[in-house]
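Peer 1: Here you go, this is run.cif (mmCIF, C-alpha atoms).
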```
data_final
loop_
_atom_site.label_atom_id
_atom_site.label_comp_id
_atom_site.auth_asym_id
_atom_site.auth_seq_id
_atom_site.Cartn_x
_atom_site.Cartn_y
_atom_site.Cartn_z
CA MET A 1 -24.42 5.72 11.98
CA VAL A 2 -23.72 2.08 12.70
CA GLN A 3 -24.79 -0.96 10.72
CA GLN A 4 -28.39 -2.08 11.02
CA LEU A 5 -29.29 -5.20 12.99
CA ASP A 6 -31.94 -6.06 10.40
CA LEU A 7 -34.40 -7.36 12.94
CA LEU A 8 -38.06 -7.08 12.07
CA LYS A 9 -40.70 -5.94 14.53
CA GLU A 10 -43.22 -8.50 15.72
CA THR A 11 -46.68 -7.92 14.25
CA PRO A 12 -48.63 -6.05 16.93
CA SER A 13 -51.50 -7.81 18.66
CA GLN A 14 -55.14 -6.78 18.37
CA THR A 15 -58.04 -8.05 20.44
CA ALA A 16 -59.69 -11.29 19.38
CA GLY A 17 -62.98 -9.40 19.60
CA PRO A 18 -66.48 -10.65 20.41
CA TYR A 19 -66.68 -13.06 17.48
CA VAL A 20 -63.47 -15.05 17.98
CA HIS A 21 -65.58 -18.22 17.91
CA ILE A 22 -66.40 -17.73 14.24
CA GLY A 23 -62.74 -18.16 13.42
CA LEU A 24 -61.46 -20.58 16.04
CA THR A 25 -64.47 -22.72 17.01
CA PRO A 26 -66.97 -22.29 14.16
CA ASN A 27 -68.98 -25.39 15.08
CA PHE A 28 -69.47 -23.94 18.57
CA ALA A 29 -70.45 -20.67 16.86
CA THR A 30 -73.17 -22.59 14.99
CA ILE A 31 -71.37 -22.36 11.67
CA PRO A 32 -71.34 -26.07 10.90
CA SER A 33 -70.32 -27.56 7.58
CA VAL A 34 -67.10 -25.61 7.07
CA TYR A 35 -64.85 -27.85 9.23
CA ASP A 36 -65.62 -31.38 10.44
CA ALA A 37 -64.77 -30.51 14.05
CA ASP A 38 -63.40 -27.61 16.01
CA LEU A 39 -59.61 -27.81 16.43
CA GLY A 40 -58.45 -28.62 19.94
CA ASN A 41 -61.77 -29.97 21.23
CA SER A 42 -60.24 -33.38 21.88
CA MET A 43 -56.79 -33.96 23.37
CA LEU A 44 -57.10 -37.66 24.16
CA THR A 45 -57.82 -41.07 22.72
CA GLU A 46 -58.47 -44.24 24.68
CA LYS A 47 -54.82 -45.15 24.09
CA THR A 48 -53.44 -42.04 25.80
CA ALA A 49 -51.26 -42.90 28.79
CA GLY A 50 -51.81 -41.19 32.10
CA GLU A 51 -54.31 -40.31 34.77
CA ARG A 52 -57.53 -38.83 33.37
CA ILE A 53 -58.38 -35.43 34.80
CA THR A 54 -60.76 -32.58 34.08
CA ILE A 55 -59.63 -28.97 34.20
CA GLN A 56 -62.40 -26.41 34.48
CA GLY A 57 -62.88 -22.84 35.56
CA ARG A 58 -63.96 -19.37 34.60
CA VAL A 59 -62.27 -16.15 33.49
CA ILE A 60 -63.51 -13.39 35.79
CA ASP A 61 -63.41 -9.65 35.10
CA GLY A 62 -62.75 -6.77 37.47
CA GLY A 63 -66.47 -6.51 38.26
CA GLY A 64 -66.65 -10.14 39.39
CA SER A 65 -68.49 -11.39 36.30
CA PRO A 66 -67.32 -14.41 34.33
CA LEU A 67 -66.45 -13.73 30.68
CA ARG A 68 -68.97 -15.49 28.46
CA ASP A 69 -67.12 -14.67 25.25
CA ALA A 70 -63.55 -15.71 26.05
CA LEU A 71 -61.46 -18.46 24.48
CA VAL A 72 -58.91 -20.51 26.42
CA GLU A 73 -56.07 -22.60 25.00
CA ILE A 74 -53.88 -24.96 27.02
CA TRP A 75 -50.57 -26.66 26.28
CA GLN A 76 -49.04 -29.33 28.47
CA ALA A 77 -46.60 -32.21 28.70
CA ASP A 78 -47.65 -35.85 28.55
CA ALA A 79 -47.68 -38.17 31.55
CA ASN A 80 -43.87 -38.53 31.31
CA GLY A 81 -43.21 -34.79 31.13
CA LEU A 82 -42.54 -34.77 27.34
CA TYR A 83 -44.10 -32.33 24.86
CA ASN A 84 -45.59 -33.50 21.57
CA SER A 85 -43.53 -30.99 19.57
CA PRO A 86 -40.58 -31.03 17.13
CA ALA A 87 -38.68 -28.82 19.61
CA GLU A 88 -38.84 -31.59 22.23
CA MET A 89 -35.29 -33.03 22.16
CA ARG A 90 -35.43 -35.19 25.29
CA GLY A 91 -37.42 -38.05 23.85
CA THR A 92 -40.61 -38.93 22.03
CA ALA A 93 -43.88 -37.88 23.60
CA ASP A 94 -46.97 -40.08 23.73
CA PRO A 95 -48.25 -40.05 20.11
CA HIS A 96 -51.79 -40.49 21.43
CA PHE A 97 -51.74 -37.19 23.28
CA THR A 98 -51.73 -33.84 21.47
CA GLY A 99 -50.95 -31.78 24.58
CA TRP A 100 -52.98 -28.91 23.13
CA GLY A 101 -56.59 -27.97 23.76
CA ARG A 102 -58.88 -25.09 22.88
CA CYS A 103 -62.20 -24.28 24.56
CA PRO A 104 -64.57 -21.32 24.48
CA THR A 105 -66.10 -20.26 27.78
CA ASP A 106 -69.76 -21.22 27.96
CA ALA A 107 -72.12 -18.56 26.59
CA ASP A 108 -74.33 -18.78 29.70
CA THR A 109 -72.15 -19.89 32.61
CA GLY A 110 -68.72 -18.72 31.45
CA VAL A 111 -67.22 -22.14 32.33
CA TYR A 112 -64.46 -23.70 30.22
CA SER A 113 -63.55 -27.36 30.53
CA PHE A 114 -60.81 -29.71 29.26
CA GLU A 115 -60.65 -33.48 29.43
CA THR A 116 -56.95 -34.29 29.64
CA ILE A 117 -54.31 -36.20 31.61
CA LYS A 118 -52.20 -35.19 34.56
CA PRO A 119 -48.92 -33.87 33.14
CA GLY A 120 -45.50 -35.16 34.18
CA ARG A 121 -42.63 -32.95 35.29
CA ALA A 122 -40.35 -31.17 32.82
CA PRO A 123 -37.04 -29.45 33.54
CA PHE A 124 -36.41 -25.74 34.07
CA LYS A 125 -33.55 -24.14 32.11
CA ASP A 126 -31.01 -25.08 34.78
CA GLY A 127 -32.07 -28.72 34.94
CA ARG A 128 -34.14 -28.54 38.12
CA LEU A 129 -37.55 -30.13 37.68
CA MET A 130 -40.55 -27.84 37.47
CA ALA A 131 -43.72 -28.92 39.22
CA PRO A 132 -46.30 -30.42 36.84
CA HIS A 133 -48.21 -27.58 35.22
CA VAL A 134 -50.45 -26.62 32.32
CA THR A 135 -49.74 -23.51 30.22
CA PHE A 136 -52.75 -21.26 29.59
CA TRP A 137 -53.39 -18.60 26.93
CA ILE A 138 -56.54 -16.48 27.19
CA VAL A 139 -58.07 -14.17 24.58
CA ALA A 140 -61.36 -12.27 24.47
CA ARG A 141 -63.04 -9.01 23.57
CA GLY A 142 -61.35 -6.34 25.70
CA ILE A 143 -58.07 -8.29 26.01
CA ASN A 144 -55.63 -6.44 23.76
CA ILE A 145 -52.87 -9.05 23.83
CA GLY A 146 -53.30 -12.73 24.74
CA LEU A 147 -52.62 -13.49 28.39
CA HIS A 148 -50.14 -16.21 29.32
CA THR A 149 -50.29 -17.97 32.66
CA ARG A 150 -49.84 -21.41 34.21
CA MET A 151 -51.96 -23.74 36.26
CA TYR A 152 -50.26 -25.82 38.94
CA LEU A 153 -51.88 -28.76 40.69
CA GLY A 154 -53.28 -28.49 44.20
CA ASP A 155 -52.32 -32.06 45.13
CA GLU A 156 -48.63 -31.51 44.34
CA ASP A 157 -47.53 -29.54 47.39
CA LYS A 158 -44.02 -30.96 47.49
CA ALA A 159 -43.30 -30.31 43.81
CA ASN A 160 -44.92 -26.88 43.96
CA ALA A 161 -42.71 -25.93 46.92
CA GLU A 162 -39.58 -26.45 44.79
CA ASP A 163 -40.90 -25.03 41.51
CA PRO A 164 -38.59 -22.32 40.09
CA LEU A 165 -41.39 -20.23 38.58
CA LEU A 166 -43.57 -20.24 41.70
CA ALA A 167 -40.47 -19.31 43.70
CA ARG A 168 -40.01 -16.22 41.52
CA ILE A 169 -43.35 -14.77 42.62
CA GLU A 170 -42.41 -12.08 45.07
CA HIS A 171 -45.54 -12.09 47.22
CA PRO A 172 -46.25 -15.59 48.56
CA HIS A 173 -50.01 -15.06 48.72
CA ARG A 174 -50.07 -14.54 44.95
CA ARG A 175 -48.62 -18.04 44.31
CA ALA A 176 -52.00 -19.40 45.30
CA THR A 177 -53.55 -17.73 42.24
CA LEU A 178 -51.78 -20.32 40.06
CA ILE A 179 -52.67 -23.42 42.07
CA ALA A 180 -55.88 -25.27 41.18
CA ALA A 181 -57.71 -27.15 43.92
CA ARG A 182 -58.44 -30.82 43.23
CA ASP A 183 -61.78 -32.44 43.97
CA GLY A 184 -61.96 -36.03 42.76
CA ASN A 185 -60.55 -35.92 39.24
CA VAL A 186 -61.50 -32.28 38.69
CA TYR A 187 -59.12 -29.35 39.04
CA THR A 188 -60.83 -25.96 39.24
CA PHE A 189 -58.79 -23.03 37.96
CA ASP A 190 -60.52 -19.66 37.98
CA ILE A 191 -58.58 -16.88 36.29
CA HIS A 192 -59.06 -13.41 37.80
CA LEU A 193 -58.19 -10.57 35.44
CA GLN A 194 -58.14 -7.92 38.18
CA GLY A 195 -58.60 -7.34 41.90
CA GLU A 196 -57.37 -8.86 45.15
CA ARG A 197 -57.07 -12.29 43.58
CA GLU A 198 -55.63 -11.17 40.23
CA THR A 199 -53.94 -14.16 38.61
CA VAL A 200 -50.19 -13.93 38.07
CA PHE A 201 -49.77 -13.44 34.32
CA LEU A 202 -46.48 -14.09 32.57
CA ASP A 203 -44.24 -12.14 30.20
CA ILE A 204 -42.50 -15.16 28.86
CA MET B 1 -50.75 -33.61 14.45
CA SER B 2 -49.56 -35.83 11.61
CA ASP B 3 -47.34 -35.40 8.54
CA ARG B 4 -44.73 -33.64 10.59
CA PRO B 5 -42.32 -31.97 8.16
CA ASN B 6 -38.78 -33.26 7.94
CA ARG B 7 -36.80 -30.20 8.96
CA LYS B 8 -34.37 -29.52 11.77
CA PRO B 9 -36.31 -28.29 14.78
CA GLU B 10 -35.55 -24.93 16.30
CA ILE B 11 -35.12 -25.10 20.03
CA GLY B 12 -33.86 -21.68 21.14
CA SER B 13 -35.88 -19.45 23.42
CA PHE B 14 -37.70 -16.49 21.89
CA PHE B 15 -36.60 -12.86 21.89
CA GLN B 16 -38.23 -10.83 24.60
CA ARG B 17 -41.54 -9.36 23.48
CA ASP B 18 -41.41 -5.57 22.90
CA ARG B 19 -44.45 -4.66 24.99
CA ALA B 20 -44.26 -1.00 23.91
CA TRP B 21 -44.95 -2.08 20.32
CA HIS B 22 -48.11 -3.97 21.31
CA PRO B 23 -51.23 -2.36 22.76
CA PRO B 24 -51.24 -2.12 26.56
CA ALA B 25 -53.77 -4.24 28.43
CA TYR B 26 -55.50 -1.13 29.80
CA ALA B 27 -56.60 1.22 27.01
CA PRO B 28 -59.63 3.20 28.27
CA GLY B 29 -60.56 4.46 24.77
CA TYR B 30 -61.56 0.84 24.18
CA LYS B 31 -64.00 0.59 27.06
CA THR B 32 -64.20 -3.19 27.38
CA SER B 33 -60.49 -3.28 28.25
CA VAL B 34 -61.11 -1.35 31.47
CA LEU B 35 -62.42 -4.33 33.47
CA ARG B 36 -60.52 -6.97 31.49
CA SER B 37 -56.96 -5.69 31.85
CA PRO B 38 -54.56 -7.12 34.44
CA GLN B 39 -53.33 -4.33 36.71
CA LYS B 40 -50.34 -5.95 38.33
CA ALA B 41 -46.92 -6.33 36.73
CA LEU B 42 -46.42 -9.41 34.56
CA LEU B 43 -43.94 -11.96 35.89
CA SER B 44 -40.98 -11.96 33.50
CA LEU B 45 -39.11 -15.16 32.94
CA ASP B 46 -36.92 -16.62 30.22
CA ASN B 47 -38.71 -19.26 28.17
CA THR B 48 -38.77 -22.81 29.48
CA ILE B 49 -39.50 -25.97 27.51
CA SER B 50 -43.19 -25.24 28.08
CA GLU B 51 -43.04 -22.09 25.93
CA ILE B 52 -40.33 -23.10 23.43
CA THR B 53 -42.40 -26.07 22.30
CA GLY B 54 -45.76 -25.97 20.57
CA PRO B 55 -48.16 -28.21 18.68
CA VAL B 56 -47.76 -28.92 14.97
CA PHE B 57 -50.70 -28.92 12.58
CA GLY B 58 -50.40 -31.05 9.49
CA HIS B 59 -51.92 -30.28 6.11
CA ALA B 60 -54.15 -33.31 6.68
CA ILE B 61 -56.50 -31.17 8.76
CA LEU B 62 -57.25 -28.90 5.81
CA GLY B 63 -60.26 -29.28 3.59
CA GLU B 64 -60.24 -28.29 -0.07
CA LEU B 65 -62.20 -25.06 0.47
CA ASP B 66 -60.77 -24.05 3.85
CA ASN B 67 -58.85 -21.20 2.19
CA ASP B 68 -61.78 -20.03 0.03
CA LEU B 69 -64.32 -18.01 2.03
CA ILE B 70 -66.18 -17.20 -1.17
CA HIS B 71 -67.21 -20.83 -1.50
CA ASN B 72 -66.67 -22.72 1.78
CA PHE B 73 -70.13 -21.87 3.13
CA ALA B 74 -71.91 -21.30 -0.17
CA LYS B 75 -74.53 -23.55 -1.71
CA PRO B 76 -73.24 -25.59 -4.66
CA GLY B 77 -72.87 -23.34 -7.69
CA GLU B 78 -73.29 -20.14 -5.67
CA SER B 79 -70.80 -17.77 -4.07
CA ALA B 80 -70.58 -15.05 -1.44
CA ILE B 81 -71.58 -11.50 -2.38
CA GLY B 82 -68.93 -8.79 -2.31
CA GLU B 83 -65.70 -7.53 -3.80
CA ARG B 84 -63.64 -10.60 -4.61
CA ILE B 85 -60.11 -10.42 -3.20
CA ILE B 86 -57.05 -12.57 -2.58
CA VAL B 87 -55.14 -12.05 0.65
CA HIS B 88 -51.60 -13.38 0.57
CA GLY B 89 -48.25 -12.88 2.22
CA ARG B 90 -45.54 -14.57 4.24
CA VAL B 91 -45.12 -15.45 7.88
CA LEU B 92 -41.60 -14.51 9.00
CA ASP B 93 -39.83 -14.37 12.32
CA GLU B 94 -38.08 -11.30 13.69
CA ARG B 95 -34.86 -12.42 11.97
CA GLY B 96 -36.66 -12.29 8.65
CA ARG B 97 -36.67 -16.05 8.19
CA PRO B 98 -39.77 -17.80 6.88
CA VAL B 99 -41.98 -19.73 9.27
CA PRO B 100 -43.18 -22.80 7.37
CA GLY B 101 -46.00 -24.93 8.71
CA ALA B 102 -47.68 -22.06 10.57
CA LEU B 103 -51.43 -22.46 11.05
CA LEU B 104 -53.37 -19.32 10.10
CA GLU B 105 -57.05 -19.05 10.98
CA PHE B 106 -59.07 -16.03 9.86
CA TRP B 107 -62.56 -14.67 10.37
CA GLN B 108 -64.44 -11.62 9.21
CA ALA B 109 -67.77 -9.87 8.62
CA ASN B 110 -69.56 -10.14 5.30
CA ALA B 111 -69.57 -7.45 2.61
CA GLY B 112 -72.24 -5.51 4.50
CA GLY B 113 -70.33 -5.58 7.78
CA ARG B 114 -72.45 -8.31 9.39
CA TYR B 115 -70.98 -11.26 11.31
CA ARG B 116 -72.63 -14.67 11.37
CA HIS B 117 -72.90 -14.84 15.18
CA ARG B 118 -75.82 -15.21 17.56
CA LYS B 119 -74.80 -12.14 19.57
CA GLU B 120 -74.55 -9.90 16.49
CA THR B 121 -77.34 -7.31 16.28
CA TYR B 122 -76.30 -5.02 13.40
CA LEU B 123 -79.18 -4.47 11.00
CA ALA B 124 -77.15 -5.27 7.86
CA PRO B 125 -78.31 -8.59 6.38
CA LEU B 126 -76.60 -11.95 6.53
CA ASP B 127 -75.36 -13.37 3.24
CA PRO B 128 -76.73 -16.92 3.01
CA ASN B 129 -73.58 -17.92 1.12
CA PHE B 130 -71.01 -16.48 3.52
CA GLY B 131 -69.87 -18.12 6.77
CA GLY B 132 -66.87 -15.93 7.52
CA CYS B 133 -64.14 -18.37 8.60
CA GLY B 134 -61.16 -19.97 6.88
CA ARG B 135 -57.72 -21.39 7.53
CA THR B 136 -54.49 -22.41 5.84
CA ILE B 137 -50.95 -23.56 6.64
CA THR B 138 -47.85 -21.76 5.37
CA ASP B 139 -45.65 -23.43 2.77
CA GLU B 140 -41.89 -23.99 2.97
CA ASP B 141 -41.24 -20.30 2.21
CA GLY B 142 -43.69 -19.16 4.88
CA GLY B 143 -46.15 -18.17 2.14
CA TYR B 144 -49.93 -18.34 2.34
CA ARG B 145 -52.95 -17.15 0.38
CA PHE B 146 -56.71 -17.32 0.54
CA ARG B 147 -59.74 -16.05 -1.29
CA THR B 148 -62.45 -14.01 0.31
CA ILE B 149 -64.64 -10.97 -0.15
CA ARG B 150 -63.71 -7.59 1.22
CA PRO B 151 -65.53 -7.17 4.56
CA GLY B 152 -67.65 -4.13 5.27
CA ALA B 153 -67.20 -1.56 8.04
CA TYR B 154 -69.71 -1.73 10.88
CA PRO B 155 -70.82 0.25 13.94
CA TRP B 156 -70.19 -1.05 17.46
CA PRO B 157 -71.21 0.07 20.93
CA ASN B 158 -68.20 1.85 22.41
CA GLY B 159 -68.57 5.56 21.82
CA PRO B 160 -71.98 6.73 20.53
CA ASN B 161 -70.82 6.59 16.91
CA ASP B 162 -67.79 4.30 16.67
CA TRP B 163 -67.21 2.21 13.55
CA ARG B 164 -64.70 -0.52 12.90
CA PRO B 165 -62.69 -0.17 9.69
CA ALA B 166 -62.92 -3.10 7.31
CA HIS B 167 -60.71 -5.80 8.80
CA ILE B 168 -59.88 -9.50 8.83
CA HIS B 169 -59.00 -11.22 12.13
CA PHE B 170 -55.94 -13.51 12.07
CA SER B 171 -54.91 -16.16 14.57
CA ILE B 172 -51.35 -17.43 14.06
CA PHE B 173 -49.70 -20.56 15.42
CA GLY B 174 -45.94 -20.58 14.86
CA HIS B 175 -43.61 -23.25 16.22
CA GLY B 176 -43.59 -22.34 19.91
CA PHE B 177 -46.47 -21.59 22.24
CA ALA B 178 -44.78 -18.30 23.20
CA GLN B 179 -45.28 -17.10 19.60
CA ARG B 180 -49.06 -17.39 19.83
CA LEU B 181 -50.64 -14.28 18.33
CA ILE B 182 -54.01 -12.86 17.35
CA THR B 183 -54.21 -9.67 15.31
CA GLN B 184 -56.27 -7.86 12.66
CA MET B 185 -55.47 -6.87 9.08
CA TYR B 186 -56.68 -3.54 7.70
CA PHE B 187 -56.93 -2.29 4.11
CA GLU B 188 -54.79 0.40 2.48
CA GLY B 189 -56.59 3.70 2.05
CA ASP B 190 -59.42 3.11 4.53
CA PRO B 191 -60.10 6.43 6.32
CA MET B 192 -61.81 4.57 9.19
CA ILE B 193 -58.51 3.05 10.40
CA TRP B 194 -57.38 6.26 12.08
CA ARG B 195 -60.74 6.81 13.77
CA CYS B 196 -60.97 3.36 15.39
CA PRO B 197 -60.59 3.02 19.18
CA ILE B 198 -59.32 -0.56 18.84
CA VAL B 199 -56.65 0.41 16.30
CA SER B 200 -55.77 3.29 18.60
CA THR B 201 -54.91 0.94 21.45
CA ILE B 202 -51.59 0.55 19.58
CA PRO B 203 -49.41 3.45 20.73
CA ASP B 204 -46.97 3.66 17.80
CA LYS B 205 -48.19 4.76 14.34
CA ARG B 206 -45.52 2.59 12.69
CA ALA B 207 -46.93 -0.44 14.47
CA VAL B 208 -50.42 0.38 13.18
CA GLU B 209 -48.99 0.68 9.67
CA GLN B 210 -47.63 -2.85 10.05
CA LEU B 211 -51.26 -4.01 10.12
CA ILE B 212 -52.32 -2.24 6.90
CA ALA B 213 -52.21 -4.45 3.81
CA PRO B 214 -51.37 -2.69 0.55
CA LEU B 215 -53.24 -3.29 -2.69
CA ASP B 216 -51.04 -5.64 -4.72
CA MET B 217 -51.89 -5.38 -8.41
CA ALA B 218 -49.05 -7.77 -9.32
CA ASN B 219 -50.97 -10.62 -7.69
CA THR B 220 -54.37 -9.69 -9.01
CA ILE B 221 -56.20 -12.26 -11.12
CA PRO B 222 -57.52 -10.27 -14.10
CA MET B 223 -61.29 -10.32 -14.49
CA ASP B 224 -61.60 -12.17 -11.17
CA ALA B 225 -60.08 -10.75 -7.99
CA ARG B 226 -57.80 -8.02 -6.68
CA ALA B 227 -55.03 -8.86 -4.19
CA TYR B 228 -53.84 -7.48 -0.87
CA LYS B 229 -50.50 -8.45 0.67
CA PHE B 230 -50.22 -9.01 4.42
CA ASP B 231 -46.92 -10.21 5.88
CA ILE B 232 -46.90 -11.35 9.51
CA VAL B 233 -43.90 -11.33 11.84
CA LEU B 234 -43.69 -13.71 14.80
CA ARG B 235 -41.18 -13.64 17.63
CA GLY B 236 -37.70 -14.84 16.61
CA ARG B 237 -35.54 -17.33 18.43
CA ARG B 238 -32.11 -16.94 19.94
CA SER B 239 -29.34 -19.18 18.74
CA THR B 240 -28.57 -21.97 21.17
CA LEU B 241 -25.24 -23.56 21.90
CA PHE B 242 -25.70 -27.21 21.12
CA GLU B 243 -22.68 -29.51 20.96
CA ASN B 244 -20.48 -26.42 20.49
CA ARG B 245 -22.33 -25.38 17.35
CA LEU B 246 -24.69 -22.47 17.09
CA GLU B 247 -28.08 -23.88 16.21
CA GLY B 248 -30.69 -21.80 14.52
CA ASN B 249 -28.32 -19.77 12.34
#
```
Translate this structure into structure tokens?

Peer 2:
Amino acid sequence: MVQQLDLLKETPSQTAGPYVHIGLTPNFATIPSVYDADLGNSMLTEKTAGERITIQGRVIDGGGSPLRDALVEIWQADANGLYNSPAEMRGTADPHFTGWGRCPTDADTGVYSFETIKPGRAPFKDGRLMAPHVTFWIVARGINIGLHTRMYLGDEDKANAEDPLLARIEHPHRRATLIAARDGNVYTFDIHLQGERETVFLDI
Amino acid sequence: MSDRPNRKPEIGSFFQRDRAWHPPAYAPGYKTSVLRSPQKALLSLDNTISEITGPVFGHAILGELDNDLIHNFAKPGESAIGERIIVHGRVLDERGRPVPGALLEFWQANAGGRYRHRKETYLAPLDPNFGGCGRTITDEDGGYRFRTIRPGAYPWPNGPNDWRPAHIHFSIFGHGFAQRLITQMYFEGDPMIWRCPIVSTIPDKRAVEQLIAPLDMANTIPMDARAYKFDIVLRGRRSTLFENRLEGN
């Protein structure tokens, strides 16, 4: 026998289930009066610096149907590439931007939507700049452990071409699954859980 | 995102997630996972600043009754029906250190096993005094507690006669977005745990046991409520070399 490392095991995940909205967006779930507002439904104020954008899309199952009971969270840097977090050591992020949003997919259309700002660039571990991106986390009934992925911006070809994470994707055609097309101020990012266009999900 | 606590931030990347301890994405005994499970390999990458960081939630967001599901939806002077319990515990990381300032959100069915949700069709009645959601933030020792009623078991359309054991859903926000976790707490002694297809998505019996809260008579409030203890472990961080000192130890 050797000494024990004394590390604990992470609590195992369980699905968020069909009623995740009761817990995480109760006002959306028509349980008003418990909280004033659903957390994460507003990322901006009028003082937030940066270019206003909308991010929208659907989460699509292996049968081609959008999930109408999913919940999406995003996390992103401010317009200068800084995160509004105590672990951000490079400077102070815009205090008028939370960087975090939470949105259920619509019960009829399956569309989620965030009003936010275009993120700046942040460095990879080795100091190279990553392309501007938004981190996604998706939970729903039938998803046993939350899915991490990233959205990159379709109008940032040059930055995307030098992004270290996109470069790690072995099959070039799969990089496109992480890049959202821009139309006006709207980026559309559909997340495919399975199939030919399965989104690249991250173990990170 | 206010009243940020005055403590030294942790900035190391997180330990790799032990995917064999968690349920796999594809678990055909839980039928909904069949079409909702990614089939290609995940892209593995060490954390970047985008995963090491995460939002902070201050106590200012909390209302007085947020951690009291017996009363936070009830009419004045009334309370939810059911066995009154306290759920408490600590949020730790894999190194066993407390995680202060973690946001916990929880939701559950009422004492009859009925959720307050428009898609819910179970014939058990709603309790007019029970909403089913609550939240709290861990203290400096990683501790938390809330009051609720013990939820009921309920049937669900998977197999022809599948029932969920009594459970409380937990959503946990630690300090980094890579720690994000949703799980479910079960109750000691419930024979339905070992018959549940969702519990059975977890391959290792020891991992299932990590989700079962024991009865905790030491924290009972006599003549009021019994207690169950549920500790939660989030991913731990590596030490980082910072100005030639190991940070995070």

Peer 1: Excluding same-chain residues fewer than 3 positions from A:Pro66, what lies within 12 Å of it counting all atoms listed in the file, as a VMD selection string?

Peer 2: (chain A and resid 57 to 63 69 to 70 105 to 112 140 190 to 194) or (chain B and resid 35 to 36)

Peer 1: In Å, how far is it from atom CA of A:Ser33 to atom CA of B:Glu78?

Peer 2: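 Taking atom CA of A:Ser33 as the start and atom CA of B:Glu78 as the end point, the length is 15.5 Å.
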
Peer 1: List, as a PyMOL selection string, every residue that the PyMOL selection byres ((chain B and resi 12) around 6) selects in the file provided.

Peer 2: chain B and resi 11+13+237-240

Peer 1: Any chance you could export the current selection's C-alpha atoms as a short mmCIF file (atom, residue, chain, number, x, y, z; two decimals), keeping the file's coordinate frame?

Peer 2:
```cif
data_model
loop_
_atom_site.label_atom_id
_atom_site.label_comp_id
_atom_site.auth_asym_id
_atom_site.auth_seq_id
_atom_site.Cartn_x
_atom_site.Cartn_y
_atom_site.Cartn_z
CA ILE B 11 -35.12 -25.10 20.03
CA SER B 13 -35.88 -19.45 23.42
CA ARG B 237 -35.54 -17.33 18.43
CA ARG B 238 -32.11 -16.94 19.94
CA SER B 239 -29.34 -19.18 18.74
CA THR B 240 -28.57 -21.97 21.17
#
```

Peer 1: Mind telling me what the PyMOL selection byres ((chain B) within 7 of (chain A)) catches here, as an MDAnalysis selection string?

Peer 2: chainID B and resid 9:11 21:25 32:33 35:39 42:48 53:56 72:73 94:96 105:107 117 131:134 178 181:184 207 210 232:235

Peer 1: Tell me which residues the PyMOL selection byres ((chain A and resi 102) around 6) grabs here, as a ChimeraX atom specification.

Peer 2: /A:40-41,72-73,101,103

Peer 1: Just C-alpha atoms for this one: save the residues we selected as an mmCIF file, in the coordinates of the input.

Peer 2:
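again38.cif, freshly written:
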```cif
data_model
loop_
_atom_site.group_PDB
_atom_site.id
_atom_site.type_symbol
_atom_site.label_atom_id
_atom_site.label_comp_id
_atom_site.auth_asym_id
_atom_site.auth_seq_id
_atom_site.Cartn_x
_atom_site.Cartn_y
_atom_site.Cartn_z
ATOM 1 C CA GLY A 40 -58.450 -28.620 19.940
ATOM 2 C CA ASN A 41 -61.770 -29.970 21.230
ATOM 3 C CA VAL A 72 -58.910 -20.510 26.420
ATOM 4 C CA GLU A 73 -56.070 -22.600 25.000
ATOM 5 C CA GLY A 101 -56.590 -27.970 23.760
ATOM 6 C CA CYS A 103 -62.200 -24.280 24.560
#
```

Peer 1: One number please: atom CA of A:Pro119 to atom CA of A:Glu196, in Å, one decimal.

Peer 2: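 Rounded to one decimal, the two atoms are 29.0 Å apart.
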
Peer 1: Report as AutoDock Vina command-line options the centre and the edge lengths, in Å to one decimal, of the axis-aligned box holding every listed atom of stretch 77-91 of chain A, padded by 8 Å on each side.

Peer 2:
```
--center_x -41.5 --center_y -33.7 --center_z 24.3 --size_x 28.4 --size_y 25.7 --size_z 30.4
```

Peer 1: Quick one: distance from atom CA of B:His71 to atom CA of B:Asn129 in Å, one decimal?

Peer 2: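 Rounded to one decimal, the two atoms are 7.5 Å apart.
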
Peer 1: What lies within 9 Å of B:Phe230 using only C-alpha atoms, ignoring chain neighbours under 3 positions off, as number ranges by chain?

Peer 2: B: 87-91, 185, 210-214

Peer 1: Convert the current residue selection to file output with C-alpha atoms, as a short mmCIF file (atom, residue, chain, number, x, y, z; two decimals), keeping the file's coordinate frame.

Peer 2:
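So the final result, stored in result.cif, reads:
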```cif
data_model
loop_
_atom_site.label_atom_id
_atom_site.label_comp_id
_atom_site.auth_asym_id
_atom_site.auth_seq_id
_atom_site.Cartn_x
_atom_site.Cartn_y
_atom_site.Cartn_z
CA VAL B 87 -55.14 -12.05 0.65
CA HIS B 88 -51.60 -13.38 0.57
CA GLY B 89 -48.25 -12.88 2.22
CA ARG B 90 -45.54 -14.57 4.24
CA VAL B 91 -45.12 -15.45 7.88
CA MET B 185 -55.47 -6.87 9.08
CA GLN B 210 -47.63 -2.85 10.05
CA LEU B 211 -51.26 -4.01 10.12
CA ILE B 212 -52.32 -2.24 6.90
CA ALA B 213 -52.21 -4.45 3.81
CA PRO B 214 -51.37 -2.69 0.55
#
```

Peer 1: Let me make sure I understand: among A:Leu44, A:Ile117, A:Ala161, A:Val2, which one has the smallest atom-to-atom distance to A:Arg175 if we use only C-alpha atoms?

Peer 2: A:Ala161

Peer 1: Show which residues sit within 6 Å of stretch 195-206 of chain B, as a compact mmCIF listing (two decimals) with C-alpha atoms, keeping the file's coordinate frame. Count all atoms listed in the file, and ignore same-chain residues fewer than 3 positions away.

Peer 2:
```txt
# COMPACT_ATOMS: atom_id res chain seq x y z
CA HIS B 22 -48.11 -3.97 21.31
CA PRO B 23 -51.23 -2.36 22.76
CA ALA B 27 -56.60 1.22 27.01
CA GLY B 29 -60.56 4.46 24.77
CA TYR B 30 -61.56 0.84 24.18
CA ARG B 164 -64.70 -0.52 12.90
CA MET B 192 -61.81 4.57 9.19
CA GLU B 209 -48.99 0.68 9.67
```
